[in-house]
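Since the structure comes first, as structure tokens, the remarks are kept for the end.
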Amino acid sequence: MKSYMRMSKLYAPTLKEDPAEAELASHKLLLRAGMIRKTAAGLYSYLPLAWRSLLKIETVIREEMEAIDAQEIQVPVIVPAELWQDSGRWNAYGPELLRLKDRHEREFVFGPTHEETFTDLIRHELRSYKQLPVTLYQIQDKFRDEMRPRFGLMRGREFIMKDAYSFDATVEGMQASYNAEKDAYARICERCGLRALPVVADSGQIGGDTSVEFMALAEAGEAELVWCDCGFAADVEAATVGIAIEEGPGTECEKIATPCEGSIASLAAFMGVSERACRKSFAIIAEDGTPVLCLLPGDHELNDVKAEHAFGHYDVMDEEQMAAYGLVKGYMGPIGADARVRVVADIALKDSKSWLIGANEEGYHIKGAQPGRDFEVVEWLDLASAKEGDACPKCGRALHSARGIEVSQVFQLGTKYSEAMGATFADENGVERPFQMGCYGIGVSRTLAAVVEQHHDEHGICWPVCVAPYEVEIVPLETADDLVWPAAEGIAKGLVDAGIEVVVDDRKERAGVKFADADLMGFPYQVVCGKRAVKNGNVEVKDRATGERVEVPIDEVVAYLSEKVVSQRL
RNA sequence: CGGGGCGUGGCGCAGCUUGGUAGCGCAUCUGGUUUGGGACCAGAGGGUCGCAGGUUCGAAUCCAGUCGCCCCGACCA
């Protein structure tokens, strides 16, 4: 028989002060509300309230997965090294991968994701196209040995992830599985109360060609994205956008003295042109050791992810290297650089005919330089990070920028893993083919943090009903009073009978303490039972999110709250 | 991993510069007074000063080391 939780029994030690270690609202509040505790850097214990919310998020996920015929399984957290060697990721994945040995010196990894395990599982079982498609998923702890775990649950080393993998016979099939999963992810975000945007993403370490991330919009988000009124949205690292070109002054190639600091801002100010009319030079050493000079519109940055695609794992040149290649810090440019330097430029600059560039001489720039005439660009690449104001690749209008928390991501993998691991099935003609795969992750614990990030105020958390640890808190101000306590208890029982999750603050604390904790823990509705109101047959119902309070007759409050709560459960 | 900062009762901090054997607020326990927005009075318990060395008659304090944590950078759910 279900009952209500008594605050006096609830293991949720609250903190009056902000913990010194926390920076973000979600981190501070989850700690202060007694929901999580740190065990070590990036490792958190979930206390009862957090666990209840996590289970609700998982329930939403399970319902949406069931709706698209994905089946839940559970594979071991630990993965034998051979599987990772098979896929090639044993070497490709960096120090983020936690490797371990058993007593027989056999090597294993603590799974940061489970493409290998799932692929290995099905390669023994799925042999025919008739058995496809299949999507399997699990909800499990993952471990990634992050260089710098931070922000509480936002970037832990161990975290809860839902990971799904689809196996199809054809590319079209894979796309259908991918789209079903993507649509489910949008519904999951919505049901969890997240304002999230699907954005075009880079596929990163996972591999494959097409990927979308769901970004929960939040100032505290670590990711930057651009979006357009037409519906287009992309991670700045993945966005290929239009950058309108501004020409530099003049068309004749001429060296000019520029007695200003070696920065684009000061150069633009000195020349009386916009930063974009200047050309920014960025010197790096590509993975193969080639020195590369990247030329960009002056107001744009070199995008790390795009640069890695183009140059492999590159290093920024230090001053010594610059000097060795004839480049002068602050005044770099393609003219006068060593012949070994490979000059590349952002694709946006391809039609530009007047470049304001460094002269590779302290205090001098060159204006009116023209590629093809005054210097050579060997390759035109997409290198610049997108930013606010760039043109939408879909409709051409100016893009807006925003920050977000990446709560989930979907990938089309194609045959990357199935081919590497020899996972094949027989098609209609009896020909062995590799599976067309997709993979789909949701950061479950990160989702919890994102919800708090989006739903809080200066007093605490404001849980959306769908993921709230409890739905209603009853606050009897006098636990000894022979009117107040029975009224509170009666309402609690009535709500429990109506299927509502209830906490009763039965502690012998002063009103202020109870109110403060109630606001901090942030259950969606508070029922305040005070002496005067109860004597008149009323209680006060407070909506945590809006702060709105209404007096409701005691004998109507169960119906009143049931209606509100149930309608918001989603 | 590079740069910066911090480790002192459960939590938040002072003390360190200028060595002399540890203090404040909150929390906890007891008794009393309070009781609609984090009460008050009285009393009590609780600290190998991160760890292990060195200097010194004497180290929380000075020196060198080590471990841990936090913040900024590069990676990701």
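Just remember, in the structure tokens the first chain shown is A, the second B, etc., residues are 1-based per chain, and ligands are 1-based in the order shown.
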
Surrounding residues of segment 345-351 of chain A excluding itself and chain neighbours under 2 positions, 9 Å, only C-alpha atoms (C1' of nucleotides), as a list of chain:residue names: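 Listed by chain and then number, they are A:Val241, A:Gly242, A:Ile243, A:Ala244, A:Ile245, A:Ser281, A:Leu293, A:Cys294, A:Leu295, A:Leu296, A:Pro297, A:Val343, A:Lys353, A:Pro371, A:Val377, A:Val378, A:Glu379, A:Trp380, A:Leu381, A:Asp382, A:Leu383, A:Ala384.
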
Using 8 Å as the limit and counting only C-alpha atoms (C1' of nucleotides), can you tabulate each residue of chain A that touches chain B, with its shortest atom-to-atom distance in Å and the two atoms involved, as CSV?
```
residue,atom,partner,partner_atom,distance
A:Leu15,CA,B:C11,C1',7.5
A:Lys16,CA,B:G38,C1',7.6
A:Glu17,CA,B:G12,C1',7.0
A:Pro19,CA,B:G12,C1',7.7
A:Ala20,CA,B:G12,C1',7.8
A:Glu21,CA,B:C70,C1',5.8
A:Ala41,CA,B:C69,C1',7.5
A:Glu146,CA,B:C75,C1',7.5
A:Met147,CA,B:C75,C1',7.7
A:Met161,CA,B:A77,C1',6.5
A:Glu406,CA,B:A77,C1',7.1
A:Val407,CA,B:A77,C1',6.0
A:Ser408,CA,B:A77,C1',5.9
A:Gln409,CA,B:A77,C1',7.6
A:Gly441,CA,B:A77,C1',6.4
A:Ile442,CA,B:A77,C1',5.6
A:Gly443,CA,B:A77,C1',3.9
A:Val444,CA,B:A77,C1',7.6
A:Arg446,CA,B:A77,C1',7.0
A:Leu477,CA,B:G36,C1',7.6
A:Arg510,CA,B:U35,C1',6.0
A:Ala511,CA,B:G36,C1',6.1
A:Gly512,CA,B:G37,C1',4.1
A:Val513,CA,B:G38,C1',4.8
A:Phe515,CA,B:G37,C1',6.2
A:Ala516,CA,B:G38,C1',6.4
A:Gly530,CA,B:G36,C1',7.1
```

Backbone DSSP call of strand (DSSP E or B) for segment 183-345 of chain A, listed as a ChimeraX atom specification: /A:196-200,210-217,223-227,233-235,242,254-257,278-285,291-297,302,315-316,342-345

Nearby residues (only C-alpha atoms (C1' of nucleotides)) at most 12 Å from A42 of chain B, same-chain spacing under 4 positions excluded, as a ChimeraX atom specification: /B:30-33
